[in-house]
Amino acid sequence: MHKRIYLLLLTACLGIVSVPTPTYSQALLPYTPKQDPQSLEDTSKSLLRQAAGLVQFQQYEQAIPRVALATQLSPNSNDAWFFLGTLYVQTQKYQKGIDALQQAKLIKPQDPDILFMLGSAYFQKGEHQKAIDTIQSGLKIKPDNNSALFDLGNAYYKLNKYPDAIAQYQKAVNKDPKFWPAINNIGLVNYEKGDVNGAIQNWQRAIAIDPKAAEPLLAVAVALFTQGKQAEAYTTAEKAIVLDSRYANIQYLKDNLWGDKLLNDTRKLIQTPRVKDFITKAPSRG
């Protein structure tokens with residue numbers, strides 16, 4: 001989900017980053033602008049450009065006060081509010097993000113990117129029905145957005161509306177057959193519904209698209225372990241952990257929408273002496 005937000009954050013920077021690079025060592029000093037509208041507008045744009053430069057170096061916390069000041073100087077700029085809202089969501093300040101994105105929506109209610117980002121913010125905050133309603137509004141305007149379809153599927157999944165979730169994931173895959181995260185999440189749904197073989201098939205499809213995707217590899221390992229195929233499960237799990245050691249962390253898996261059944265079975269696998277020892281010795285990657 002964070003990669004998705006980061007891409008939207010970069011979208012917010014488009015058209016801003018072509019200006020000279022700011023001096024990043026300077027603190028943001030109090031500024032008293034001239035009161036004519038053009039001066040305020042110019043100062044706002046300068047602050048947004050500085051913030052866009054900081055975002056390129058993932059210095060989100062330093063970017064926020066600049067963008068916040070830009071919204072005060074140009075309160076009718078939907079770009080500034082969208083940028084601020086996306087920064088807040090990226091830094092997990094979800095309610096502040098929602099408030100800023102609502103301001104952007106008031107200014108430009110039919111902008112699908114604003115609606116998609118607002119839906120993502122609701123999702124991150126755990127307000128899944130609001131996420132569904134907001135993303136659907138955006139899809140009415142821009143129906144071919146794969147990432148939004150994926151986010152919509154995730155919101156349905158969190159509400160245990162499995163057929164609706166699969167339908168949205170499948171729409172995303174139909175538009176882009178190589179969009180493996182949607183295929184992976186169909187596997188997550190399969191597993192929670194008790195269709196282990198179907199889950200394995202979808203995870204293997206995802207791996208075929210991206211052999212370095214750690215998530216479906218570990219999921220396959222867990223499924224194999226439950227089927228009693230321990231040797232294959234161990235080697236597959238070790239491959240996944242080498243690719244990205246974060247997937248050995250249960251909370252990280254939960255954050256990535258792994259359901260209760262899959263999490264319970266994952267705990268059993270990673271607590272086996274062999275995998276537990278491997279996790280301890282494995283280099284930290286991801």
# chains A, B, ... in the order shown; residues from 1 in each chain; ligands from 1
$ closest_atom_pairs --of "range 216-267 of chain A" --to "range 116-136 of chain A" --cutoff "12 Å" --atoms "only C-alpha atoms" --output "tab-separated table"
residue	atom	partner	partner_atom	distance
A:Asp255	CA	A:Gln124	CA	9.7
A:Asn256	CA	A:Gln124	CA	11.2
A:Leu257	CA	A:Gln124	CA	11.4
$ write_last_selection --atoms "N, CA, C and O atoms" --output "mmCIF file, in the first residue's frame"
data_model
loop_
_atom_site.group_PDB
_atom_site.id
_atom_site.type_symbol
_atom_site.label_atom_id
_atom_site.label_comp_id
_atom_site.auth_asym_id
_atom_site.auth_seq_id
_atom_site.Cartn_x
_atom_site.Cartn_y
_atom_site.Cartn_z
ATOM 1 N N ASP A 255 -0.043 -6.109 8.081
ATOM 2 C CA ASP A 255 -0.160 -4.818 7.406
ATOM 3 C C ASP A 255 -0.344 -4.994 5.904
ATOM 4 O O ASP A 255 -0.902 -4.118 5.235
ATOM 5 N N ASN A 256 0.148 -6.099 5.378
ATOM 6 C CA ASN A 256 0.015 -6.397 3.956
ATOM 7 C C ASN A 256 -1.190 -7.293 3.667
ATOM 8 O O ASN A 256 -1.228 -7.989 2.649
ATOM 9 N N LEU A 257 -2.157 -7.278 4.579
ATOM 10 C CA LEU A 257 -3.484 -7.865 4.389
ATOM 11 C C LEU A 257 -3.525 -9.383 4.484
ATOM 12 O O LEU A 257 -4.517 -9.988 4.060
#
$ residues_around --residues "Gly198 in chain A" --least-positions-apart "4" --cutoff "7 Å" --atoms "only C-alpha atoms" --output "list of chain:residue names"
A:Gly187, A:Asn190, A:Asn202
$ atom_distance --atom1 "CA of Asn154 in chain A" --atom2 "CA of Ser137 in chain A"
16.1 Å
$ select_by_dssp --residues "range 10-230 of chain A" --states "alpha helix (DSSP H)" --output "PDB file with C-alpha atoms, in the first residue's frame"
ATOM      1  CA  LEU A  10       5.256  11.651  -6.974  1.00  0.00           C
ATOM      2  CA  THR A  11       2.199  12.490  -9.054  1.00  0.00           C
ATOM      3  CA  ALA A  12       1.600  15.449  -6.784  1.00  0.00           C
ATOM      4  CA  CYS A  13       5.122  16.643  -7.555  1.00  0.00           C
ATOM      5  CA  PRO A  37      -1.896  38.241  -4.523  1.00  0.00           C
ATOM      6  CA  GLN A  38       0.860  37.660  -7.084  1.00  0.00           C
ATOM      7  CA  SER A  39       3.548  37.721  -4.417  1.00  0.00           C
ATOM      8  CA  LEU A  40       1.607  35.232  -2.302  1.00  0.00           C
ATOM      9  CA  GLU A  41       1.144  32.958  -5.300  1.00  0.00           C
ATOM     10  CA  ASP A  42       4.815  33.117  -6.249  1.00  0.00           C
ATOM     11  CA  THR A  43       5.904  32.333  -2.701  1.00  0.00           C
ATOM     12  CA  SER A  44       3.470  29.401  -2.525  1.00  0.00           C
ATOM     13  CA  LYS A  45       4.845  27.925  -5.754  1.00  0.00           C
ATOM     14  CA  SER A  46       8.397  28.335  -4.501  1.00  0.00           C
ATOM     15  CA  LEU A  47       7.546  26.460  -1.306  1.00  0.00           C
ATOM     16  CA  LEU A  48       5.910  23.660  -3.292  1.00  0.00           C
ATOM     17  CA  ARG A  49       8.979  23.346  -5.490  1.00  0.00           C
ATOM     18  CA  GLN A  50      11.223  23.146  -2.433  1.00  0.00           C
ATOM     19  CA  ALA A  51       8.966  20.457  -0.963  1.00  0.00           C
ATOM     20  CA  ALA A  52       8.995  18.490  -4.226  1.00  0.00           C
ATOM     21  CA  GLY A  53      12.780  18.485  -4.113  1.00  0.00           C
ATOM     22  CA  LEU A  54      12.727  17.172  -0.563  1.00  0.00           C
ATOM     23  CA  VAL A  55      10.288  14.421  -1.512  1.00  0.00           C
ATOM     24  CA  GLN A  56      12.772  13.172  -4.105  1.00  0.00           C
ATOM     25  CA  TYR A  60       8.762  13.988   4.007  1.00  0.00           C
ATOM     26  CA  GLU A  61       8.745  15.567   7.452  1.00  0.00           C
ATOM     27  CA  GLN A  62      10.842  18.481   6.187  1.00  0.00           C
ATOM     28  CA  ALA A  63       8.513  18.897   3.208  1.00  0.00           C
ATOM     29  CA  ILE A  64       5.294  19.074   5.240  1.00  0.00           C
ATOM     30  CA  PRO A  65       5.716  22.564   6.804  1.00  0.00           C
ATOM     31  CA  ARG A  66       6.578  24.043   3.418  1.00  0.00           C
ATOM     32  CA  VAL A  67       3.475  22.604   1.788  1.00  0.00           C
ATOM     33  CA  ALA A  68       1.318  23.540   4.782  1.00  0.00           C
ATOM     34  CA  LEU A  69       2.492  27.154   4.445  1.00  0.00           C
ATOM     35  CA  ALA A  70       1.822  27.011   0.703  1.00  0.00           C
ATOM     36  CA  THR A  71      -1.809  26.085   1.389  1.00  0.00           C
ATOM     37  CA  GLN A  72      -2.121  29.130   3.648  1.00  0.00           C
ATOM     38  CA  LEU A  73      -0.707  31.410   0.983  1.00  0.00           C
ATOM     39  CA  ASN A  78      -6.094  22.059  -5.084  1.00  0.00           C
ATOM     40  CA  ASP A  79      -2.552  20.974  -6.033  1.00  0.00           C
ATOM     41  CA  ALA A  80      -1.165  22.301  -2.748  1.00  0.00           C
ATOM     42  CA  TRP A  81      -3.886  20.625  -0.669  1.00  0.00           C
ATOM     43  CA  PHE A  82      -3.472  17.350  -2.596  1.00  0.00           C
ATOM     44  CA  PHE A  83       0.282  17.463  -2.063  1.00  0.00           C
ATOM     45  CA  LEU A  84      -0.169  18.140   1.662  1.00  0.00           C
ATOM     46  CA  GLY A  85      -2.762  15.413   2.090  1.00  0.00           C
ATOM     47  CA  THR A  86      -0.586  12.866   0.329  1.00  0.00           C
ATOM     48  CA  LEU A  87       2.408  13.791   2.488  1.00  0.00           C
ATOM     49  CA  TYR A  88       0.339  13.310   5.626  1.00  0.00           C
ATOM     50  CA  VAL A  89      -0.844   9.885   4.466  1.00  0.00           C
ATOM     51  CA  GLN A  90       2.709   8.886   3.537  1.00  0.00           C
ATOM     52  CA  TYR A  94      -4.193   9.812   8.334  1.00  0.00           C
ATOM     53  CA  GLN A  95      -6.784  12.203   9.746  1.00  0.00           C
ATOM     54  CA  LYS A  96      -4.695  15.228   8.793  1.00  0.00           C
ATOM     55  CA  GLY A  97      -4.343  13.694   5.350  1.00  0.00           C
ATOM     56  CA  ILE A  98      -8.084  13.222   5.048  1.00  0.00           C
ATOM     57  CA  ASP A  99      -8.738  16.812   6.121  1.00  0.00           C
ATOM     58  CA  ALA A 100      -6.295  18.198   3.549  1.00  0.00           C
ATOM     59  CA  LEU A 101      -7.604  15.970   0.774  1.00  0.00           C
ATOM     60  CA  GLN A 102     -11.158  17.024   1.576  1.00  0.00           C
ATOM     61  CA  GLN A 103     -10.054  20.603   0.989  1.00  0.00           C
ATOM     62  CA  ALA A 104      -8.595  19.594  -2.368  1.00  0.00           C
ATOM     63  CA  LYS A 105     -11.841  17.823  -3.211  1.00  0.00           C
ATOM     64  CA  LEU A 106     -13.899  20.928  -2.388  1.00  0.00           C
ATOM     65  CA  ILE A 107     -11.851  22.882  -4.908  1.00  0.00           C
ATOM     66  CA  PRO A 112     -10.030  11.209  -9.755  1.00  0.00           C
ATOM     67  CA  ASP A 113      -6.513  11.333  -8.281  1.00  0.00           C
ATOM     68  CA  ILE A 114      -7.831  13.280  -5.300  1.00  0.00           C
ATOM     69  CA  LEU A 115     -10.625  10.751  -4.834  1.00  0.00           C
ATOM     70  CA  PHE A 116      -8.261   7.786  -5.133  1.00  0.00           C
ATOM     71  CA  MET A 117      -5.848   9.266  -2.608  1.00  0.00           C
ATOM     72  CA  LEU A 118      -8.696  10.120  -0.247  1.00  0.00           C
ATOM     73  CA  GLY A 119      -9.951   6.550  -0.552  1.00  0.00           C
ATOM     74  CA  SER A 120      -6.486   5.274   0.269  1.00  0.00           C
ATOM     75  CA  ALA A 121      -6.367   7.524   3.331  1.00  0.00           C
ATOM     76  CA  TYR A 122      -9.709   6.183   4.548  1.00  0.00           C
ATOM     77  CA  PHE A 123      -8.443   2.645   4.008  1.00  0.00           C
ATOM     78  CA  GLN A 124      -5.266   3.261   5.991  1.00  0.00           C
ATOM     79  CA  LYS A 125      -7.352   4.743   8.804  1.00  0.00           C
ATOM     80  CA  HIS A 128     -13.138   0.704   4.749  1.00  0.00           C
ATOM     81  CA  GLN A 129     -16.690   1.520   3.661  1.00  0.00           C
ATOM     82  CA  LYS A 130     -15.747   5.167   3.182  1.00  0.00           C
ATOM     83  CA  ALA A 131     -12.747   3.967   1.186  1.00  0.00           C
ATOM     84  CA  ILE A 132     -15.034   1.909  -1.055  1.00  0.00           C
ATOM     85  CA  ASP A 133     -17.464   4.748  -1.644  1.00  0.00           C
ATOM     86  CA  THR A 134     -14.708   7.259  -2.401  1.00  0.00           C
ATOM     87  CA  ILE A 135     -12.704   5.004  -4.720  1.00  0.00           C
ATOM     88  CA  GLN A 136     -15.865   4.057  -6.591  1.00  0.00           C
ATOM     89  CA  SER A 137     -16.548   7.773  -7.141  1.00  0.00           C
ATOM     90  CA  GLY A 138     -13.115   8.122  -8.681  1.00  0.00           C
ATOM     91  CA  LEU A 139     -13.552   5.041 -10.860  1.00  0.00           C
ATOM     92  CA  LYS A 140     -16.727   6.509 -12.331  1.00  0.00           C
ATOM     93  CA  ILE A 141     -14.522   9.281 -13.705  1.00  0.00           C
ATOM     94  CA  ASN A 146      -5.543  -0.439 -12.035  1.00  0.00           C
ATOM     95  CA  SER A 147      -4.156   0.760  -8.732  1.00  0.00           C
ATOM     96  CA  ALA A 148      -7.562   2.107  -7.728  1.00  0.00           C
ATOM     97  CA  LEU A 149      -9.221  -1.185  -8.669  1.00  0.00           C
ATOM     98  CA  PHE A 150      -6.636  -2.946  -6.522  1.00  0.00           C
ATOM     99  CA  ASP A 151      -7.290  -0.595  -3.599  1.00  0.00           C
ATOM    100  CA  LEU A 152     -11.020  -1.164  -3.990  1.00  0.00           C
ATOM    101  CA  GLY A 153     -10.475  -4.913  -3.899  1.00  0.00           C
ATOM    102  CA  ASN A 154      -8.440  -4.517  -0.715  1.00  0.00           C
ATOM    103  CA  ALA A 155     -11.216  -2.537   0.950  1.00  0.00           C
ATOM    104  CA  TYR A 156     -13.770  -5.211   0.091  1.00  0.00           C
ATOM    105  CA  TYR A 157     -11.357  -7.861   1.346  1.00  0.00           C
ATOM    106  CA  LYS A 158     -11.006  -6.134   4.720  1.00  0.00           C
ATOM    107  CA  TYR A 162     -14.653 -11.885  -0.804  1.00  0.00           C
ATOM    108  CA  PRO A 163     -16.571 -12.141  -4.117  1.00  0.00           C
ATOM    109  CA  ASP A 164     -16.478  -8.357  -4.504  1.00  0.00           C
ATOM    110  CA  ALA A 165     -12.764  -8.307  -3.678  1.00  0.00           C
ATOM    111  CA  ILE A 166     -11.941 -10.976  -6.252  1.00  0.00           C
ATOM    112  CA  ALA A 167     -14.064  -9.191  -8.865  1.00  0.00           C
ATOM    113  CA  GLN A 168     -12.032  -5.989  -8.458  1.00  0.00           C
ATOM    114  CA  TYR A 169      -8.691  -7.813  -8.411  1.00  0.00           C
ATOM    115  CA  GLN A 170      -9.705  -9.659 -11.549  1.00  0.00           C
ATOM    116  CA  LYS A 171     -10.636  -6.412 -13.292  1.00  0.00           C
ATOM    117  CA  ALA A 172      -7.159  -5.116 -12.522  1.00  0.00           C
ATOM    118  CA  VAL A 173      -5.547  -8.293 -13.885  1.00  0.00           C
ATOM    119  CA  ASN A 174      -7.710  -8.184 -17.013  1.00  0.00           C
ATOM    120  CA  LYS A 175      -6.394  -4.694 -17.727  1.00  0.00           C
ATOM    121  CA  TRP A 180       0.957  -9.592  -9.915  1.00  0.00           C
ATOM    122  CA  PRO A 181      -0.095  -7.898  -6.616  1.00  0.00           C
ATOM    123  CA  ALA A 182      -3.754  -8.386  -7.621  1.00  0.00           C
ATOM    124  CA  ILE A 183      -3.093 -12.034  -8.486  1.00  0.00           C
ATOM    125  CA  ASN A 184      -1.303 -12.438  -5.155  1.00  0.00           C
ATOM    126  CA  ASN A 185      -4.283 -11.015  -3.269  1.00  0.00           C
ATOM    127  CA  ILE A 186      -6.702 -13.328  -5.058  1.00  0.00           C
ATOM    128  CA  GLY A 187      -4.563 -16.043  -3.482  1.00  0.00           C
ATOM    129  CA  LEU A 188      -4.992 -14.408  -0.068  1.00  0.00           C
ATOM    130  CA  VAL A 189      -8.764 -14.556  -0.516  1.00  0.00           C
ATOM    131  CA  ASN A 190      -8.600 -18.175  -1.702  1.00  0.00           C
ATOM    132  CA  TYR A 191      -6.686 -19.169   1.408  1.00  0.00           C
ATOM    133  CA  GLU A 192      -9.086 -17.502   3.830  1.00  0.00           C
ATOM    134  CA  VAL A 196      -5.483 -23.846  -0.468  1.00  0.00           C
ATOM    135  CA  ASN A 197      -4.814 -25.305  -3.913  1.00  0.00           C
ATOM    136  CA  GLY A 198      -6.404 -22.302  -5.598  1.00  0.00           C
ATOM    137  CA  ALA A 199      -4.286 -20.008  -3.442  1.00  0.00           C
ATOM    138  CA  ILE A 200      -1.098 -21.838  -4.388  1.00  0.00           C
ATOM    139  CA  GLN A 201      -1.974 -21.623  -8.080  1.00  0.00           C
ATOM    140  CA  ASN A 202      -2.451 -17.860  -7.885  1.00  0.00           C
ATOM    141  CA  TRP A 203       0.713 -17.307  -5.854  1.00  0.00           C
ATOM    142  CA  GLN A 204       2.670 -19.379  -8.364  1.00  0.00           C
ATOM    143  CA  ARG A 205       1.215 -17.222 -11.150  1.00  0.00           C
ATOM    144  CA  ALA A 206       2.464 -14.151  -9.288  1.00  0.00           C
ATOM    145  CA  ILE A 207       5.924 -15.691  -8.855  1.00  0.00           C
ATOM    146  CA  ALA A 208       6.070 -16.520 -12.559  1.00  0.00           C
ATOM    147  CA  ILE A 209       5.552 -12.816 -13.314  1.00  0.00           C
ATOM    148  CA  ALA A 214       8.962 -12.343  -1.641  1.00  0.00           C
ATOM    149  CA  GLU A 215       5.315 -12.222  -0.589  1.00  0.00           C
ATOM    150  CA  PRO A 216       3.859 -14.951  -2.831  1.00  0.00           C
ATOM    151  CA  LEU A 217       6.975 -17.074  -2.246  1.00  0.00           C
ATOM    152  CA  LEU A 218       6.465 -17.067   1.508  1.00  0.00           C
ATOM    153  CA  ALA A 219       2.735 -17.652   1.076  1.00  0.00           C
ATOM    154  CA  VAL A 220       3.451 -20.738  -1.046  1.00  0.00           C
ATOM    155  CA  ALA A 221       5.872 -21.941   1.617  1.00  0.00           C
ATOM    156  CA  VAL A 222       3.186 -21.651   4.294  1.00  0.00           C
ATOM    157  CA  ALA A 223       0.641 -23.498   2.166  1.00  0.00           C
ATOM    158  CA  LEU A 224       3.128 -26.289   1.421  1.00  0.00           C
ATOM    159  CA  PHE A 225       3.910 -26.569   5.124  1.00  0.00           C
ATOM    160  CA  THR A 226       0.226 -27.081   5.943  1.00  0.00           C
ATOM    161  CA  GLN A 230       8.077 -29.632   4.933  1.00  0.00           C
TER     162      GLN A 230
END
$ residues_around --residues "Ala282 in chain A" --least-positions-apart "6" --cutoff "8 Å" --atoms "only C-alpha atoms" --output "ChimeraX atom specification"
/A:241-242,245
$ atom_distance --atom1 "CA of Lys212 in chain A" --atom2 "CA of Leu243 in chain A"
6.7 Å
$ atom_distance --atom1 "CA of Thr280 in chain A" --atom2 "CA of Ile250 in chain A"
14.8 Å
$ closest_residue --among "A:Asp277, A:Lys178, A:Ala213, A:Lys193" --to "Thr236 in chain A" --atoms "only C-alpha atoms"
A:Ala213
